[in-house]
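Next comes data.txt, with compact mmCIF, C-alpha atoms.
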```txt
# COMPACT_ATOMS: atom_id res chain seq x y z
CA MET Z 53 6.53 -238.37 17.97
CA THR Z 54 5.17 -235.11 16.62
CA SER Z 55 1.95 -235.53 14.65
CA ARG Z 56 2.30 -235.11 10.90
CA THR Z 57 -0.23 -234.06 8.31
CA GLU Z 58 0.60 -236.76 5.74
CA ARG Z 59 -2.02 -239.46 5.26
CA ILE Z 60 -1.15 -243.08 4.48
CA LEU Z 61 -3.58 -245.73 3.28
CA ILE Z 62 -2.80 -249.44 3.72
CA ILE Z 63 -4.60 -251.96 1.50
CA ASP Z 64 -3.92 -255.52 2.68
CA ALA Z 65 -6.20 -258.51 3.14
CA ASP Z 66 -3.91 -259.70 5.94
CA GLU Z 67 -5.42 -257.92 8.95
CA GLN Z 68 -2.44 -258.64 11.20
CA ALA Z 69 0.09 -257.34 8.68
CA ARG Z 70 -2.07 -254.29 8.13
CA ALA Z 71 -2.31 -253.63 11.88
CA ASP Z 72 1.44 -254.06 12.44
CA LEU Z 73 2.34 -251.62 9.65
CA SER Z 74 -0.33 -249.21 10.81
CA ARG Z 75 1.04 -249.15 14.38
CA TYR Z 76 4.54 -248.50 13.16
CA LEU Z 77 3.50 -245.65 10.85
CA GLU Z 78 1.27 -244.09 13.48
CA ALA Z 79 4.20 -244.24 15.90
CA ARG Z 80 6.14 -242.23 13.30
CA GLY Z 81 3.44 -239.56 13.43
CA PHE Z 82 1.48 -240.34 10.25
CA TYR Z 83 -2.29 -240.42 9.96
CA VAL Z 84 -3.08 -244.00 8.86
CA THR Z 85 -6.20 -245.72 7.58
CA GLY Z 86 -6.55 -249.30 6.38
CA ALA Z 87 -8.72 -251.43 4.14
CA ALA Z 88 -8.83 -255.11 3.26
CA GLY Z 89 -9.18 -254.47 -0.48
CA VAL Z 90 -9.50 -251.87 -3.21
CA ASN Z 91 -13.31 -251.86 -3.11
CA ALA Z 92 -13.30 -251.14 0.61
CA ALA Z 93 -10.67 -248.43 0.14
CA ARG Z 94 -12.39 -246.54 -2.66
CA GLY Z 95 -14.56 -244.50 -0.37
CA LEU Z 96 -11.45 -243.47 1.54
CA PHE Z 97 -9.44 -242.07 -1.36
CA ASP Z 98 -12.48 -240.74 -3.26
CA ASP Z 99 -13.30 -238.38 -0.39
CA ASN Z 100 -9.83 -237.74 0.95
CA ILE Z 101 -7.02 -238.89 -1.29
CA PRO Z 102 -4.06 -240.20 0.73
CA ASP Z 103 -0.48 -239.04 0.24
CA VAL Z 104 0.95 -242.60 -0.04
CA ILE Z 105 -0.67 -246.02 -0.46
CA PHE Z 106 0.90 -249.28 0.78
CA ALA Z 107 -0.81 -252.12 -1.08
CA ASP Z 108 -0.45 -255.90 -1.13
CA LEU Z 109 -2.17 -256.43 -4.47
CA PRO Z 110 -1.54 -258.38 -7.68
CA PRO Z 111 -0.03 -256.40 -10.60
CA GLU Z 112 -3.41 -256.07 -12.36
CA ALA Z 113 -5.01 -254.49 -9.29
CA ILE Z 114 -2.03 -252.16 -8.85
CA ARG Z 115 -2.39 -251.10 -12.48
CA ASP Z 116 -6.11 -250.35 -12.06
CA LEU Z 117 -5.48 -248.45 -8.85
CA SER Z 118 -2.68 -246.46 -10.46
CA ARG Z 119 -4.94 -245.46 -13.37
CA ARG Z 120 -7.66 -244.37 -10.96
CA LEU Z 121 -5.19 -242.21 -9.05
CA ASP Z 122 -3.86 -240.70 -12.31
CA GLU Z 123 -7.38 -239.54 -13.13
CA THR Z 124 -7.46 -237.59 -9.87
CA GLU Z 125 -4.09 -235.92 -10.67
CA SER Z 126 -3.17 -236.51 -7.01
CA PHE Z 127 0.43 -237.69 -7.57
CA THR Z 128 -0.15 -240.40 -4.92
CA PRO Z 129 2.57 -243.07 -5.13
CA ILE Z 130 1.84 -246.75 -4.52
CA VAL Z 131 4.25 -248.92 -2.52
CA ALA Z 132 3.80 -252.58 -3.39
CA CYS Z 133 4.01 -254.87 -0.35
CA THR Z 134 4.90 -258.46 -1.20
CA SER Z 135 6.12 -261.62 0.49
CA SER Z 136 7.73 -262.77 -2.75
CA GLN Z 137 11.47 -262.33 -3.13
CA SER Z 138 11.33 -263.04 -6.87
CA SER Z 139 12.88 -260.31 -8.95
CA ALA Z 140 10.28 -261.00 -11.67
CA ASP Z 141 7.46 -260.21 -9.23
CA VAL Z 142 9.19 -256.98 -8.24
CA VAL Z 143 9.58 -255.96 -11.90
CA GLN Z 144 5.91 -256.76 -12.61
CA ALA Z 145 4.80 -254.61 -9.67
CA MET Z 146 6.96 -251.70 -10.84
CA ARG Z 147 5.69 -252.03 -14.41
CA ALA Z 148 2.12 -252.03 -13.11
CA GLY Z 149 2.69 -248.60 -11.60
CA ALA Z 150 4.25 -249.11 -8.18
CA ALA Z 151 6.68 -246.40 -7.16
CA ASP Z 152 8.61 -248.79 -4.90
CA VAL Z 153 8.45 -252.32 -3.45
CA VAL Z 154 8.93 -253.44 0.16
CA LEU Z 155 9.07 -257.01 1.50
CA LYS Z 156 6.61 -258.20 4.10
CA PRO Z 157 6.55 -257.95 7.01
CA CYS Z 158 7.16 -254.33 6.02
CA ASN Z 159 8.29 -253.09 9.41
CA ASP Z 160 10.93 -255.78 9.97
CA ASP Z 161 13.52 -253.66 8.17
CA ARG Z 162 12.61 -250.30 9.61
CA ASN Z 163 15.58 -248.43 8.16
CA ALA Z 164 14.65 -249.53 4.66
CA LEU Z 165 11.01 -248.61 5.28
CA ASP Z 166 11.94 -245.19 6.63
CA ASP Z 167 14.18 -244.62 3.60
CA VAL Z 168 11.33 -245.52 1.22
CA ILE Z 169 8.89 -243.25 3.05
CA GLY Z 170 11.37 -240.34 3.08
CA LYS Z 171 12.02 -240.56 -0.65
CA LEU Z 172 8.32 -240.92 -1.46
CA PHE Z 173 7.28 -237.91 0.58
CA ASP Z 174 10.05 -235.85 -0.95
CA ARG Z 175 8.59 -236.70 -4.35
CA VAL Z 176 5.04 -236.07 -3.14
CA ARG Z 177 6.03 -232.61 -1.88
CA VAL Z 178 7.74 -231.76 -5.16
CA ASN Z 179 4.74 -232.97 -7.15
CA ARG Z 180 2.32 -231.04 -4.94
CA LEU Z 181 4.41 -227.90 -5.31
CA ASN Z 182 4.51 -228.40 -9.07
CA GLN Z 183 0.75 -228.81 -9.07
CA LEU Z 184 0.35 -225.63 -7.04
CA TYR Z 185 2.69 -223.73 -9.34
CA ARG Z 186 0.80 -225.06 -12.35
CA GLN Z 187 -2.51 -223.89 -10.89
CA GLU Z 188 -1.03 -220.48 -10.14
CA LEU Z 189 0.42 -220.34 -13.65
CA GLU Z 190 -2.92 -221.30 -15.17
CA GLU Z 191 -4.64 -218.58 -13.14
CA ALA Z 192 -1.98 -216.07 -14.20
CA ASN Z 193 -2.38 -217.14 -17.83
CA ARG Z 194 -6.14 -216.83 -17.54
CA ASP Z 195 -5.77 -213.32 -16.12
CA LEU Z 196 -3.26 -212.52 -18.85
CA ARG Z 197 -5.59 -213.79 -21.58
CA ASN Z 198 -8.42 -211.71 -20.15
CA GLY Z 199 -6.14 -208.68 -20.01
CA ILE Z 200 -4.97 -209.24 -23.58
CA ALA Z 201 -8.58 -209.59 -24.73
CA GLU Z 202 -9.46 -206.27 -23.08
CA LEU Z 203 -6.36 -204.64 -24.54
CA ARG Z 204 -7.18 -206.01 -28.00
CA ALA Z 205 -10.73 -204.67 -27.69
CA ASP Z 206 -9.34 -201.26 -26.69
CA GLN Z 207 -6.87 -201.32 -29.57
CA ASN Z 208 -9.57 -202.30 -32.03
CA ALA Z 209 -11.67 -199.39 -30.81
CA GLY Z 210 -8.64 -197.09 -31.12
CA ARG Z 211 -7.97 -198.43 -34.61
CA LYS Z 212 -11.52 -197.61 -35.67
CA VAL Z 213 -11.06 -194.07 -34.35
CA GLN Z 214 -7.81 -193.72 -36.30
CA LEU Z 215 -9.43 -194.96 -39.51
CA LYS Z 216 -12.24 -192.44 -39.12
CA MET Z 217 -9.68 -189.63 -38.78
CA LEU Z 218 -8.04 -190.44 -42.12
CA PRO Z 219 -9.18 -188.60 -45.25
CA ASP Z 220 -11.27 -190.13 -48.01
CA HIS Z 221 -9.56 -192.27 -50.62
CA GLN Z 222 -9.19 -191.12 -54.24
CA LEU Z 223 -10.21 -187.55 -53.47
CA THR Z 224 -10.00 -184.83 -56.12
CA LEU Z 225 -9.09 -181.41 -54.72
CA SER Z 226 -8.64 -178.33 -56.93
CA GLY Z 227 -7.62 -180.47 -59.88
CA LEU Z 228 -5.35 -182.78 -57.85
CA SER Z 229 -6.18 -186.45 -57.41
CA VAL Z 230 -5.01 -187.58 -53.96
CA ASP Z 231 -4.97 -191.05 -52.43
CA TYR Z 232 -3.15 -192.92 -49.66
CA LEU Z 233 -2.18 -196.29 -48.21
CA ILE Z 234 -1.49 -196.88 -44.54
CA LYS Z 235 -0.43 -200.26 -43.09
CA PRO Z 236 0.22 -200.40 -39.33
CA SER Z 237 2.74 -202.84 -37.93
CA LEU Z 238 0.51 -203.14 -34.83
CA TYR Z 239 -3.18 -202.51 -34.20
CA LEU Z 240 -2.50 -198.80 -33.79
CA SER Z 241 -0.35 -196.79 -36.15
CA GLY Z 242 2.23 -194.14 -35.36
CA ASP Z 243 2.05 -192.93 -38.97
CA PHE Z 244 -0.49 -190.34 -39.93
CA LEU Z 245 -1.39 -188.34 -43.01
CA ASP Z 246 -3.96 -185.89 -44.23
CA TYR Z 247 -4.82 -183.69 -47.20
CA PHE Z 248 -7.43 -180.99 -47.67
CA ARG Z 249 -8.12 -177.82 -49.59
CA ILE Z 250 -7.25 -174.58 -47.75
CA SER Z 251 -8.35 -172.21 -50.52
CA GLU Z 252 -9.79 -172.38 -54.03
CA ASP Z 253 -6.39 -173.12 -55.57
CA LYS Z 254 -4.32 -174.45 -52.63
CA VAL Z 255 -4.18 -177.98 -51.23
CA LEU Z 256 -2.24 -178.93 -48.10
CA VAL Z 257 -0.82 -182.44 -47.78
CA TYR Z 258 1.31 -183.81 -44.97
CA ILE Z 259 2.70 -187.09 -43.71
CA ALA Z 260 3.91 -187.66 -40.15
CA ASP Z 261 5.74 -190.46 -38.37
CA VAL Z 262 5.44 -190.46 -34.56
CA SER Z 263 8.34 -191.87 -32.56
CA GLY Z 264 7.66 -195.30 -31.08
CA HIS Z 265 4.59 -197.49 -31.47
CA GLY Z 266 1.38 -198.31 -29.68
CA ALA Z 267 -1.23 -196.27 -27.85
CA SER Z 268 0.92 -193.28 -26.86
CA SER Z 269 2.09 -192.79 -30.46
CA ALA Z 270 -1.45 -193.22 -31.73
CA PHE Z 271 -2.57 -190.53 -29.29
CA VAL Z 272 -0.26 -188.06 -31.03
CA THR Z 273 -2.01 -188.77 -34.33
CA VAL Z 274 -5.28 -187.70 -32.67
CA LEU Z 275 -3.53 -184.51 -31.58
CA LEU Z 276 -2.37 -183.86 -35.16
CA ARG Z 277 -5.87 -184.24 -36.57
CA ASN Z 278 -7.31 -182.04 -33.86
CA LEU Z 279 -4.70 -179.35 -34.55
CA THR Z 280 -5.30 -179.29 -38.30
CA ASN Z 281 -9.05 -178.97 -37.70
CA ARG Z 282 -8.49 -176.02 -35.39
CA LEU Z 283 -6.09 -174.33 -37.80
CA GLN Z 284 -8.64 -174.69 -40.62
CA ARG Z 285 -11.33 -173.14 -38.42
CA ASN Z 286 -8.95 -170.31 -37.48
CA LEU Z 287 -8.37 -169.62 -41.16
CA ARG Z 288 -12.10 -169.50 -41.88
CA ARG Z 289 -12.60 -167.15 -38.94
CA GLN Z 290 -9.59 -165.10 -40.08
CA SER Z 291 -8.08 -165.37 -36.59
CA SER Z 292 -4.89 -167.08 -37.81
CA ASP Z 293 -3.35 -168.01 -41.15
CA ASP Z 294 -0.69 -170.37 -39.76
CA ILE Z 295 -2.00 -173.19 -41.90
CA LEU Z 296 -1.09 -171.26 -45.06
CA HIS Z 297 2.60 -171.43 -44.12
CA PRO Z 298 4.25 -174.88 -43.87
CA GLU Z 299 7.00 -173.72 -41.52
CA ARG Z 300 4.49 -172.16 -39.11
CA PHE Z 301 2.39 -175.32 -39.31
CA LEU Z 302 5.39 -177.25 -37.96
CA GLU Z 303 5.86 -174.66 -35.23
CA ARG Z 304 2.29 -175.17 -34.05
CA ILE Z 305 2.73 -178.96 -33.96
CA ASN Z 306 5.97 -178.50 -32.03
CA SER Z 307 4.27 -176.30 -29.43
CA GLU Z 308 1.36 -178.71 -28.98
CA LEU Z 309 3.63 -181.73 -28.54
CA LEU Z 310 5.79 -180.02 -25.94
CA ASP Z 311 2.68 -179.01 -24.00
CA THR Z 312 1.50 -182.64 -23.76
CA GLY Z 313 4.64 -183.74 -21.91
CA LEU Z 314 4.42 -187.17 -23.57
CA GLY Z 315 8.07 -187.15 -24.56
CA LYS Z 316 7.07 -187.88 -28.16
CA HIS Z 317 8.51 -186.30 -31.27
CA VAL Z 318 7.38 -186.45 -34.88
CA THR Z 319 9.03 -186.36 -38.27
CA VAL Z 320 6.83 -184.43 -40.70
CA PHE Z 321 6.74 -183.36 -44.31
CA VAL Z 322 4.11 -180.71 -45.05
CA GLY Z 323 3.51 -179.21 -48.48
CA ILE Z 324 1.09 -176.72 -50.02
CA ILE Z 325 0.38 -177.04 -53.73
CA SER Z 326 -0.90 -173.99 -55.57
CA THR Z 327 -2.63 -175.01 -58.79
CA THR Z 328 -2.72 -171.45 -60.14
CA GLU Z 329 0.88 -170.53 -59.33
CA ARG Z 330 1.97 -174.09 -60.18
CA THR Z 331 4.24 -174.32 -57.13
CA LEU Z 332 4.88 -176.65 -54.23
CA SER Z 333 5.88 -174.88 -50.98
CA TYR Z 334 7.03 -177.19 -48.23
CA ALA Z 335 8.85 -177.59 -44.91
CA VAL Z 336 10.66 -180.62 -43.56
CA GLY Z 337 10.70 -181.73 -39.95
CA ALA Z 338 13.47 -184.37 -40.19
CA HIS Z 339 11.24 -186.50 -42.39
CA PHE Z 340 12.87 -189.40 -44.22
CA PRO Z 341 12.77 -190.45 -46.98
CA MET Z 342 11.99 -187.26 -48.83
CA PRO Z 343 9.04 -187.31 -51.25
CA ILE Z 344 9.61 -188.17 -54.90
CA LEU Z 345 8.50 -185.68 -57.56
CA SER Z 346 7.91 -187.21 -60.97
CA PHE Z 347 7.11 -185.25 -64.12
CA GLU Z 348 5.27 -186.59 -67.13
CA ASP Z 349 8.31 -186.03 -69.36
CA GLY Z 350 10.25 -188.66 -67.34
CA GLU Z 351 12.20 -186.52 -64.86
CA THR Z 352 11.99 -188.16 -61.42
CA ARG Z 353 13.84 -187.00 -58.30
CA PHE Z 354 13.75 -186.76 -54.54
CA LEU Z 355 12.82 -183.34 -53.21
CA GLU Z 356 15.60 -181.57 -51.37
CA GLY Z 357 15.39 -180.16 -47.88
CA SER Z 358 16.05 -180.79 -44.21
CA GLY Z 359 14.96 -179.58 -40.80
CA LEU Z 360 14.75 -180.44 -37.11
CA PRO Z 361 12.35 -183.07 -35.77
CA VAL Z 362 9.12 -181.71 -34.34
CA GLY Z 363 8.48 -181.86 -30.60
CA LEU Z 364 12.04 -181.84 -29.21
CA PHE Z 365 13.15 -178.20 -29.06
CA GLU Z 366 11.61 -175.12 -27.50
CA THR Z 367 12.25 -172.57 -30.26
CA PRO Z 368 13.20 -174.37 -33.46
CA GLU Z 369 13.05 -172.82 -36.92
CA TRP Z 370 12.20 -174.49 -40.19
CA GLU Z 371 13.12 -173.39 -43.67
CA LEU Z 372 10.54 -172.90 -46.41
CA TYR Z 373 11.32 -174.60 -49.72
CA GLN Z 374 9.61 -174.12 -53.07
CA VAL Z 375 9.67 -175.93 -56.41
CA LYS Z 376 7.97 -175.12 -59.70
CA LEU Z 377 5.32 -177.48 -61.03
CA ASP Z 378 5.41 -176.23 -64.59
CA ARG Z 379 4.61 -179.66 -66.09
CA PRO Z 380 2.13 -182.44 -65.33
CA PHE Z 381 3.45 -184.18 -62.21
CA ARG Z 382 3.03 -186.85 -59.60
CA LEU Z 383 4.13 -186.45 -55.99
CA LEU Z 384 4.69 -189.48 -53.72
CA LEU Z 385 5.17 -189.15 -49.97
CA PHE Z 386 6.40 -192.05 -47.80
CA SER Z 387 7.05 -192.91 -44.19
CA ASP Z 388 10.39 -194.56 -43.40
CA GLY Z 389 8.69 -197.92 -42.81
CA LEU Z 390 8.64 -198.37 -46.58
CA LEU Z 391 12.43 -198.52 -46.65
CA GLU Z 392 12.35 -201.39 -44.13
CA VAL Z 393 10.75 -203.73 -46.70
CA ILE Z 394 13.11 -202.87 -49.56
CA PRO Z 395 15.77 -205.63 -49.80
CA ALA Z 396 18.99 -203.62 -49.83
CA LYS Z 397 21.89 -203.27 -47.40
CA SER Z 398 22.37 -199.52 -47.05
CA LEU Z 399 19.95 -196.60 -46.86
CA ASP Z 400 21.43 -195.16 -50.07
CA GLU Z 401 20.72 -198.42 -51.87
CA LYS Z 402 17.18 -198.51 -50.50
CA GLU Z 403 16.53 -194.93 -51.64
CA ASN Z 404 17.99 -195.63 -55.07
CA ARG Z 405 15.81 -198.72 -55.40
CA LEU Z 406 12.72 -196.70 -54.45
CA LEU Z 407 13.60 -194.04 -57.01
CA GLU Z 408 14.15 -196.73 -59.66
CA LEU Z 409 10.72 -198.24 -58.97
CA VAL Z 410 8.96 -194.91 -59.29
CA SER Z 411 10.87 -193.79 -62.39
CA GLY Z 412 10.30 -197.23 -63.92
CA GLY Z 413 6.54 -196.86 -63.77
CA SER Z 414 5.57 -197.75 -60.19
CA HIS Z 415 4.26 -194.26 -59.56
CA THR Z 416 0.85 -195.22 -58.21
CA ILE Z 417 0.12 -196.66 -54.79
CA ALA Z 418 -1.19 -199.90 -56.28
CA SER Z 419 1.78 -200.44 -58.59
CA LEU Z 420 4.30 -199.57 -55.88
CA SER Z 421 2.57 -201.88 -53.40
CA ASP Z 422 2.67 -204.71 -55.96
CA ALA Z 423 6.33 -204.07 -56.78
CA LEU Z 424 7.29 -204.30 -53.10
CA GLY Z 425 4.86 -207.14 -52.29
CA LEU Z 426 3.30 -205.24 -49.37
CA ASP Z 427 0.15 -207.39 -49.36
CA LYS Z 428 2.26 -210.53 -48.95
CA ILE Z 429 4.05 -209.34 -45.80
CA SER Z 430 2.15 -210.63 -42.75
CA GLU Z 431 4.26 -208.87 -40.09
CA LEU Z 432 5.62 -205.46 -40.99
CA PRO Z 433 8.75 -204.26 -39.17
CA ASP Z 434 7.34 -200.71 -39.02
CA ASP Z 435 4.26 -198.73 -39.95
CA ILE Z 436 4.02 -197.87 -43.64
CA ALA Z 437 2.24 -194.82 -45.08
CA ILE Z 438 2.16 -193.61 -48.69
CA VAL Z 439 0.42 -190.56 -50.15
CA SER Z 440 0.12 -189.94 -53.88
CA VAL Z 441 -0.78 -186.59 -55.48
CA THR Z 442 -1.49 -186.59 -59.22
CA ASP Z 443 -1.87 -183.48 -61.35
CA THR Z 444 -5.17 -183.86 -63.23
CA ILE Z 445 -5.35 -180.32 -64.59
CA ASN Z 446 -2.62 -180.61 -67.22
CA GLY Z 447 -2.24 -184.37 -67.11
CA SER Z 448 -4.13 -187.13 -68.87
CA ASP Z 449 -6.49 -187.70 -65.89
CA ASN Z 450 -8.61 -184.59 -66.29
CA THR Z 451 -11.34 -184.81 -63.66
CA SER Z 452 -13.42 -182.03 -62.20
CA SER Z 453 -12.27 -180.71 -58.81
CA THR Z 454 -14.25 -181.36 -55.67
```
Rendering of file as structure tokens:
Amino acid sequence: MTSRTERILIIDADEQARADLSRYLEARGFYVTGAAGVNAARGLFDDNIPDVIFADLPPEAIRDLSRRLDETESFTPIVACTSSQSSADVVQAMRAGAADVVLKPCNDDRNALDDVIGKLFDRVRVNRLNQLYRQELEEANRDLRNGIAELRADQNAGRKVQLKMLPDHQLTLSGLSVDYLIKPSLYLSGDFLDYFRISEDKVLVYIADVSGHGASSAFVTVLLRNLTNRLQRNLRRQSSDDILHPERFLERINSELLDTGLGKHVTVFVGIISTTERTLSYAVGAHFPMPILSFEDGETRFLEGSGLPVGLFETPEWELYQVKLDRPFRLLLFSDGLLEVIPAKSLDEKENRLLELVSGGSHTIASLSDALGLDKISELPDDIAIVSVTDTINGSDNTSST
């Protein structure tokens, strides 16, 4: 008989019965050890836990042995050996934790014994495989948790960088009070915004929504901030005045995005407000929804305009739009994530609801956020960005420009 690797322990006070069963099992190729009682056997299965135990023990001893084996998580089955043919004794042994019962002398009915051993070792192999798979799964989960922790740390660092790139809150520029709200759906946001003065009487404001989510989209927001900084420096050096023209501003973003090869595109609204000419000049790079312009006399409307997305085409062109700001006004810019939290079926209904909220008095970031319950939403379906521009020159909020 070919030698096998499975180990069998026999616990039986009857030395002859133990020897007979041991000879038979050894002849079948198993590695067999024996002990007269549990105390004598403890050293054997503490150091080298057997695969199967044959034991002629009372139910209480079987129960104690079974508990001890459970603590080792060894999945070692116990076969109760008994001379009793009472069904009650068999039931008691099974209830105590025996996986099977054989009648002594165990090797008299060799077919039955072989059948018991075959079934037990099938179960042992399955249990051992399950244990191995569980260990591998635990190791994989541990590696995954470590990876997630590293990723979360990286995302937190990236989030801090993004926050530092955003402009100051409640900033007053050339008589315009400007503020924003940005709520990412993930750690990193694909929405970005900025506003700054480009001359004594002109303020540029833009809002951008990068396609997709996560780190690659957040990288594009870094590119946008870097570009606007360079364009402002170029204007100061008088090497380029692209930043004074909204349509050319979009062209520069388009060129930069194509050069990265990231396969990302951006929807952008960029506007320049002249406080002396009282005009808003703007260009639209497929941005949706359009900003809402609200005058102090009650007139509230979406701005009109359209244009291609930025970062998809080699030589696109964008139209320049202009509206008069001949009355005190408020301008609200949004990313499309805001529409996702408005409870309406169609986009038209969502836009109408947004217009109703603004015209009904929710024309500040705080009031609009309260009306839509943004602080109560734990998981946003998309990034949300809002920019508000309030005329403080002719309006009631007359603060000095910064």
One-decimal distance in Å that lies between CA of Asp311 in chain Z and CA of His339 in chain Z: 21.6 Å
Spatial neighbours of Ala423 in chain Z, max dist 10 Å, all atoms listed in the file, sep filter under 3 positions, as a ChimeraX atom specification: /Z:394,409-410,414,417-420,426
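The protein and nucleic acid residues lying at most 7 Å from Trp370 in chain Z are Glu299, Ala335 and Gly359 of chain Z, with only C-alpha atoms considered and sequence neighbours fewer than 5 positions away removed.
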Distance criterion (all atoms listed in the file): nearest to Gly170 in chain Z out of Z:Val362, Z:Leu155, Z:Ile200, Z:Val104: Z:Val104
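CA of Met342 in chain Z lies 12.7 Å from CA of Gly389 in chain Z.
The interatomic distance for the pair CA of Gly149 in chain Z and CA of Asp72 in chain Z works out to 24.7 Å.
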Residues within 7 Å of Thr273 in chain Z, only C-alpha atoms, excluding chain neighbours under 4 positions, as number ranges by chain: Z: 242, 244, 269, 277
Selection above as a file: C-alpha atoms, as a short mmCIF file (atom, residue, chain, number, x, y, z; two decimals), in the frame of the given file:
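result_24.cif was written with the following content:
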```
data_model
loop_
_atom_site.label_atom_id
_atom_site.label_comp_id
_atom_site.auth_asym_id
_atom_site.auth_seq_id
_atom_site.Cartn_x
_atom_site.Cartn_y
_atom_site.Cartn_z
CA GLY Z 242 2.23 -194.14 -35.36
CA PHE Z 244 -0.49 -190.34 -39.93
CA SER Z 269 2.09 -192.79 -30.46
CA ARG Z 277 -5.87 -184.24 -36.57
#
```
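Considering all atoms listed in the file, the residue among Z:Asn100, Z:Gln68, Z:Gln374, Z:Ser430 positioned nearest to Leu121 in chain Z is Z:Asn100.
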Hey, could you pull the box centre and edge lengths for range 270-282 of chain Z, axis-aligned, 5 Å padding per side, all listed atoms, to one decimal in Å, as JSON?
```
{"center_x": -4.7, "center_y": -184.6, "center_z": -33.8, "size_x": 18.8, "size_y": 27.2, "size_z": 19.0}
```
Near-range 352-354 of chain Z list (7 Å; only C-alpha atoms; drop same-chain fewer than 5 positions) as a ChimeraX atom specification: /Z:342-347,411
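Shortest atom-to-atom contact with Leu218 in chain Z among Z:Ser291, Z:Asn179, Z:Asn404, Z:Asn278: Z:Asn278, counting all atoms listed in the file.
Closest approach to Arg330 in chain Z among Z:Glu403, Z:Asp253, Z:Glu408, Z:Glu371 is made by Z:Asp253 (distances from only C-alpha atoms).
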Exercise: residues within 10 Å of coordinate (1.8, -192.2, -30.3), counting all atoms listed in the file, as an MDAnalysis selection string: chainID Z and resid 240:243 261:275 314:318
Protein/DNA/RNA residues near (2.7, -191.8, -59.0), cut 6 Å, all atoms listed in the file, as a VMD selection string: chain Z and resid 382 415 to 416
Would you fill out range 107-122 of chain Z with N, CA and C atoms and return it as an mmCIF file, in the frame of the given file?
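Contents of result_9.cif, freshly written:
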```cif
data_model
loop_
_atom_site.group_PDB
_atom_site.id
_atom_site.type_symbol
_atom_site.label_atom_id
_atom_site.label_comp_id
_atom_site.auth_asym_id
_atom_site.auth_seq_id
_atom_site.Cartn_x
_atom_site.Cartn_y
_atom_site.Cartn_z
ATOM 1 N N ALA Z 107 0.189 -251.178 -0.585
ATOM 2 C CA ALA Z 107 -0.810 -252.120 -1.080
ATOM 3 C C ALA Z 107 -0.190 -253.483 -1.369
ATOM 4 N N ASP Z 108 -0.809 -254.525 -0.785
ATOM 5 C CA ASP Z 108 -0.450 -255.900 -1.130
ATOM 6 C C ASP Z 108 -1.508 -256.375 -2.121
ATOM 7 N N LEU Z 109 -1.224 -256.128 -3.411
ATOM 8 C CA LEU Z 109 -2.170 -256.430 -4.470
ATOM 9 C C LEU Z 109 -1.457 -257.058 -5.654
ATOM 10 N N PRO Z 110 -2.156 -257.848 -6.461
ATOM 11 C CA PRO Z 110 -1.540 -258.380 -7.680
ATOM 12 C C PRO Z 110 -1.274 -257.243 -8.672
ATOM 13 N N PRO Z 111 -0.385 -257.455 -9.644
ATOM 14 C CA PRO Z 111 -0.030 -256.400 -10.600
ATOM 15 C C PRO Z 111 -1.240 -255.780 -11.294
ATOM 16 N N GLU Z 112 -2.253 -256.615 -11.655
ATOM 17 C CA GLU Z 112 -3.410 -256.070 -12.360
ATOM 18 C C GLU Z 112 -4.171 -255.073 -11.479
ATOM 19 N N ALA Z 113 -4.299 -255.376 -10.210
ATOM 20 C CA ALA Z 113 -5.010 -254.490 -9.290
ATOM 21 C C ALA Z 113 -4.209 -253.203 -9.051
ATOM 22 N N ILE Z 114 -2.876 -253.351 -8.992
ATOM 23 C CA ILE Z 114 -2.030 -252.160 -8.850
ATOM 24 C C ILE Z 114 -2.185 -251.246 -10.060
ATOM 25 N N ARG Z 115 -2.241 -251.889 -11.240
ATOM 26 C CA ARG Z 115 -2.390 -251.100 -12.480
ATOM 27 C C ARG Z 115 -3.715 -250.347 -12.478
ATOM 28 N N ASP Z 116 -4.791 -250.993 -12.098
ATOM 29 C CA ASP Z 116 -6.110 -250.350 -12.060
ATOM 30 C C ASP Z 116 -6.132 -249.208 -11.038
ATOM 31 N N LEU Z 117 -5.520 -249.472 -9.889
ATOM 32 C CA LEU Z 117 -5.480 -248.450 -8.850
ATOM 33 C C LEU Z 117 -4.648 -247.244 -9.301
ATOM 34 N N SER Z 118 -3.538 -247.533 -9.966
ATOM 35 C CA SER Z 118 -2.680 -246.460 -10.460
ATOM 36 C C SER Z 118 -3.410 -245.588 -11.477
ATOM 37 N N ARG Z 119 -4.173 -246.224 -12.379
ATOM 38 C CA ARG Z 119 -4.940 -245.460 -13.370
ATOM 39 C C ARG Z 119 -5.980 -244.579 -12.695
ATOM 40 N N ARG Z 120 -6.632 -245.133 -11.674
ATOM 41 C CA ARG Z 120 -7.660 -244.370 -10.960
ATOM 42 C C ARG Z 120 -7.043 -243.146 -10.281
ATOM 43 N N LEU Z 121 -5.871 -243.331 -9.712
ATOM 44 C CA LEU Z 121 -5.190 -242.210 -9.050
ATOM 45 C C LEU Z 121 -4.732 -241.173 -10.079
ATOM 46 N N ASP Z 122 -4.293 -241.642 -11.264
ATOM 47 C CA ASP Z 122 -3.860 -240.700 -12.310
ATOM 48 C C ASP Z 122 -5.004 -239.786 -12.737
#
```
